[in-house]
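J.: Take a look at the following structure, please.
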Amino acid sequence: MIVVAGEALIDLVPQGTGALASLTPALGGGPFNTAVALGRLGTRTAFCSRISRDAFGEALLDRLRTTGVDVSAVQRGDEPTTLAVATVGADGSAAYSFYVEGTADRLFTVPDALPPGTRAVSFGTCSLVLEPGASAYEQLMREASAQGVFTTLDPNIRPGLIADADAYRARFRGWLPSVSLVKLSAEDAVWLGGDPREWLAAGPSAVVITRGGEGLTAYTRDGGEYSVPGERVTVVDTIGAGDTVNAALLHGLAVRDALSAEKLAALGEEGWRELLGFAARAAAITCSRAGAEPPYAHEMGDA
């Protein structure tokens, strides 16, 4: 069982250009997308979050259930669902503004226990920024790590949500001793400052940096550096691409029984290149269709 912990929200995606273009609601949120992608790849997955009882919340839960994701760890609340208004650029890249005040996912509390059989927990995006839930997710991360559970982190920076950039950067560094694998975009790495080798020295076994169409690079604690090119595809938009990479990496590690520091260190060059190539293929498929629509196992081949 892989647990994905974090927000589920509604993306409002413009159907045209200009500030007054019509907006179409789409199910989203980085952790939500990661859970759906894992479910589609065939990995046993559970979602750990707090979701509204409103109509949007019900739609989010329906998508998780139909994808085969266990929702028994989902908390419910009467507050509204968080909304993210997407702006898609000419190159397909997406930017977001958020409506988060008083929403359900911000009030997440630490669960008494993780679902039975949990081998890994994935964290990231808005859930690690917005209090009071951010502190609860952080506590869950530290507790899972202390129990020997493999942990992954995708900060997925949304600058408009971060009131104090320096405080967030310090908090990010404070998470690293409790994280097994960090995945982030090249843009996030620049925003955070620092260097993969510096981050590895703080605790993680590996850091994976995505560079859009240019591919992915993994840096490992033993000095390894492994890169693969991106898959060529006609990009519709990039919504959910990074979340798909998260899922593909976790799925591939689970298939290889490599959800531990020791097994991760034993992957070697061939193992890393296969894993990164699988993630690049998955992200390319997501980018080839509108919205966060990650691939199914039958579209991917072997991990």
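Residue numbering restarts at 1 for every chain of the structure tokens, chains are lettered A, B, ... in their displayed order, and ligands are numbered from 1 as they appear.
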Enumerate the residues of segment 50-293 of chain A with a DSSP assignment of alpha helix (DSSP H), computed from the backbone, and present them as a VMD selection string.
T.: chain A and resid 55 to 66 133 to 146 165 to 175 186 to 192 196 to 201 241 to 255 261 to 265 268 to 287
J.: Determine, counting only C-alpha atoms, which protein, DNA and RNA residues have an atom within 7 Å of an atom of Tyr99 of chain A; residues of the same chain fewer than 4 positions away are not included. Present the result as a VMD selection string.
T.: chain A and resid 82 to 84
J.: Could those selected residues go to a file with N, CA and C atoms, as a CSV table (one decimal), in the first residue's frame?
T.:
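Result written to selection31.csv:
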```csv
chain,number,residue,atom,x,y,z
A,82,THR,N,-11.5,23.7,-1.7
A,82,THR,CA,-10.5,24.6,-2.3
A,82,THR,C,-10.7,24.7,-3.8
A,83,LEU,N,-10.5,26.0,-4.3
A,83,LEU,CA,-10.6,26.2,-5.7
A,83,LEU,C,-9.2,26.8,-6.2
A,84,ALA,N,-8.8,26.3,-7.4
A,84,ALA,CA,-7.6,26.8,-8.0
A,84,ALA,C,-7.9,27.2,-9.4
```
J.: Can you pull out every residue within 12 Å of Glu262 of chain A, counting only C-alpha atoms, but drop anything in the same chain fewer than 5 positions away, and send it as a PyMOL selection string?
T.: chain A and resi 148+150+180+204-206+220-222+257+267-268
J.: Suppose you want the space between atom CA of Gly77 of chain A and atom CA of Trp175 of chain A; what is it in Å?
T.: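 Atom CA of Trp175 of chain A lies 27.6 Å from atom CA of Gly77 of chain A.
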J.: Which residues come within 8 Å of Leu216 of chain A, counting only C-alpha atoms, excluding same-chain residues fewer than 5 positions away, as JSON, numbers by chain?
T.: {"A": [208, 209, 210, 211, 227, 228, 229, 230, 276, 280]}
J.: I need the chosen residues saved as a compact mmCIF listing (two decimals), in the first residue's frame, with all heavy atoms.
T.:
```txt
# COMPACT_ATOMS: atom_id res chain seq x y z
N VAL A 208 15.27 13.73 -7.43
CA VAL A 208 14.95 13.68 -8.86
C VAL A 208 14.46 15.07 -9.28
O VAL A 208 13.53 15.61 -8.67
CB VAL A 208 13.88 12.63 -9.16
CG1 VAL A 208 13.46 12.70 -10.63
CG2 VAL A 208 14.40 11.23 -8.84
N ILE A 209 15.09 15.62 -10.32
CA ILE A 209 14.70 16.93 -10.83
C ILE A 209 14.14 16.77 -12.23
O ILE A 209 14.76 16.13 -13.09
CB ILE A 209 15.89 17.91 -10.83
CG1 ILE A 209 16.33 18.20 -9.39
CG2 ILE A 209 15.52 19.21 -11.54
CD1 ILE A 209 17.43 19.22 -9.26
N THR A 210 12.95 17.33 -12.45
CA THR A 210 12.32 17.28 -13.77
C THR A 210 12.59 18.58 -14.51
O THR A 210 12.60 19.66 -13.91
CB THR A 210 10.80 17.06 -13.65
OG1 THR A 210 10.22 18.17 -12.95
CG2 THR A 210 10.50 15.78 -12.88
N ARG A 211 12.80 18.45 -15.83
CA ARG A 211 13.12 19.62 -16.66
C ARG A 211 12.19 19.71 -17.86
O ARG A 211 12.62 20.01 -18.96
CB ARG A 211 14.58 19.55 -17.10
CG ARG A 211 15.57 19.62 -15.94
CD ARG A 211 17.03 19.66 -16.42
NE ARG A 211 17.93 19.92 -15.31
CZ ARG A 211 18.43 18.98 -14.53
NH1 ARG A 211 18.13 17.70 -14.75
NH2 ARG A 211 19.25 19.29 -13.54
N SER A 227 20.56 10.58 -16.01
CA SER A 227 19.60 11.41 -16.74
C SER A 227 18.97 10.63 -17.88
O SER A 227 19.60 9.73 -18.45
CB SER A 227 20.29 12.66 -17.31
OG SER A 227 20.75 13.50 -16.28
N VAL A 228 17.72 10.99 -18.21
CA VAL A 228 17.06 10.50 -19.41
C VAL A 228 16.42 11.68 -20.10
O VAL A 228 16.03 12.66 -19.45
CB VAL A 228 15.99 9.43 -19.10
CG1 VAL A 228 16.61 8.22 -18.41
CG2 VAL A 228 14.86 10.02 -18.27
N PRO A 229 16.31 11.63 -21.43
CA PRO A 229 15.63 12.72 -22.15
C PRO A 229 14.12 12.64 -21.98
O PRO A 229 13.58 11.60 -21.60
CB PRO A 229 16.03 12.47 -23.61
CG PRO A 229 16.23 10.99 -23.68
CD PRO A 229 16.80 10.59 -22.34
N GLY A 230 13.45 13.73 -22.26
CA GLY A 230 12.00 13.70 -22.27
C GLY A 230 11.47 12.99 -23.50
O GLY A 230 12.17 12.85 -24.50
N LEU A 276 13.51 6.25 -14.55
CA LEU A 276 13.31 7.61 -15.05
C LEU A 276 12.65 7.60 -16.42
O LEU A 276 11.80 8.45 -16.72
CB LEU A 276 14.64 8.35 -15.10
CG LEU A 276 15.34 8.61 -13.76
CD1 LEU A 276 16.71 9.24 -14.01
CD2 LEU A 276 14.51 9.50 -12.85
N ALA A 280 9.23 9.43 -17.50
CA ALA A 280 9.17 10.36 -18.63
C ALA A 280 8.06 9.98 -19.60
O ALA A 280 7.33 10.85 -20.11
CB ALA A 280 10.52 10.40 -19.36
```
J.: Excluding Val74 of chain A and any residue of its chain fewer than 5 positions from it, enumerate the residues within 9 Å of it, using only C-alpha atoms, and give them as a CSV table (one decimal) with N, CA, C and O atoms, in the first residue's frame.
T.:
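Ended up saving to out.csv:
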```csv
chain,number,residue,atom,x,y,z
A,46,ALA,N,-3.8,4.4,-1.1
A,46,ALA,CA,-4.8,5.0,-0.2
A,46,ALA,C,-4.6,6.5,-0.2
A,46,ALA,O,-3.4,7.0,-0.4
A,47,PHE,N,-5.7,7.3,0.0
A,47,PHE,CA,-5.6,8.7,0.0
A,47,PHE,C,-5.8,9.2,1.4
A,47,PHE,O,-6.8,8.7,2.1
A,48,CYS,N,-5.0,10.1,1.9
A,48,CYS,CA,-5.1,10.6,3.3
A,48,CYS,C,-5.2,12.1,3.2
A,48,CYS,O,-4.3,12.8,2.9
A,49,SER,N,-6.4,12.6,3.5
A,49,SER,CA,-6.7,14.0,3.3
A,49,SER,C,-7.9,14.4,4.1
A,49,SER,O,-8.5,13.5,4.9
A,50,ARG,N,-8.4,15.6,3.9
A,50,ARG,CA,-9.7,16.0,4.5
A,50,ARG,C,-10.4,16.7,3.3
A,50,ARG,O,-9.9,17.6,2.7
A,51,ILE,N,-11.6,16.1,3.0
A,51,ILE,CA,-12.4,16.5,1.8
A,51,ILE,C,-13.8,17.0,2.2
A,51,ILE,O,-14.4,16.5,3.1
A,61,LEU,N,-14.2,12.3,-4.3
A,61,LEU,CA,-14.2,11.0,-3.8
A,61,LEU,C,-14.6,9.9,-4.8
A,61,LEU,O,-14.1,8.8,-4.8
```
J.: Find the spatial neighbours of segment 234-236 of chain A, counting only C-alpha atoms, within a cut-off of 6 Å - ignore same-chain residues fewer than 4 positions away - and output them as an NGL selection string.
T.: :A and (92 or 287-290)
J.: If we count only C-alpha atoms and set the cut-off at 10 Å, which residues sit around segment 158-170 of chain A, ignoring sequence neighbours fewer than 2 positions away in its own chain? Please answer as an MDAnalysis selection string.
T.: chainID A and resid 95:100 125:126 128:130 155:156 172:175 188 191:194
J.: Looking at A:Thr286, A:Thr81, A:Gln75, A:Thr67, which one is nearest to Pro25 of chain A, with distances taken over only C-alpha atoms?
T.: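 Looking only at the distances to Pro25 of chain A, the closest residue turns out to be A:Thr81.
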J.: Figure out the distance between atom CA of Glu231 of chain A and atom CA of Gly277 of chain A, please, to one decimal in Å.
T.: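 Value for the atom CA of Gly277 of chain A-atom CA of Glu231 of chain A distance: 8.5 Å.
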J.: Which value, in Å to one decimal, gives the distance between atom CA of Asp78 of chain A and atom CA of Arg53 of chain A?
T.: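 Atom-to-atom, atom CA of Asp78 of chain A and atom CA of Arg53 of chain A are spaced 5.5 Å apart.
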J.: Let's see if you can do this: from backbone DSSP, list all strand (DSSP E or B) residues in segment 35-184 of chain A, as a ChimeraX atom specification.
T.: /A:45-48,50-52,70,75-77,83-88,94-99,120-124,150-154,181-184
J.: So which one's closest to Val245 of chain A, A:Tyr296, A:Phe32, A:Phe278, A:Tyr219? Using only C-alpha atoms, please.
T.: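 Result for the nearest residue to Val245 of chain A: A:Phe278.
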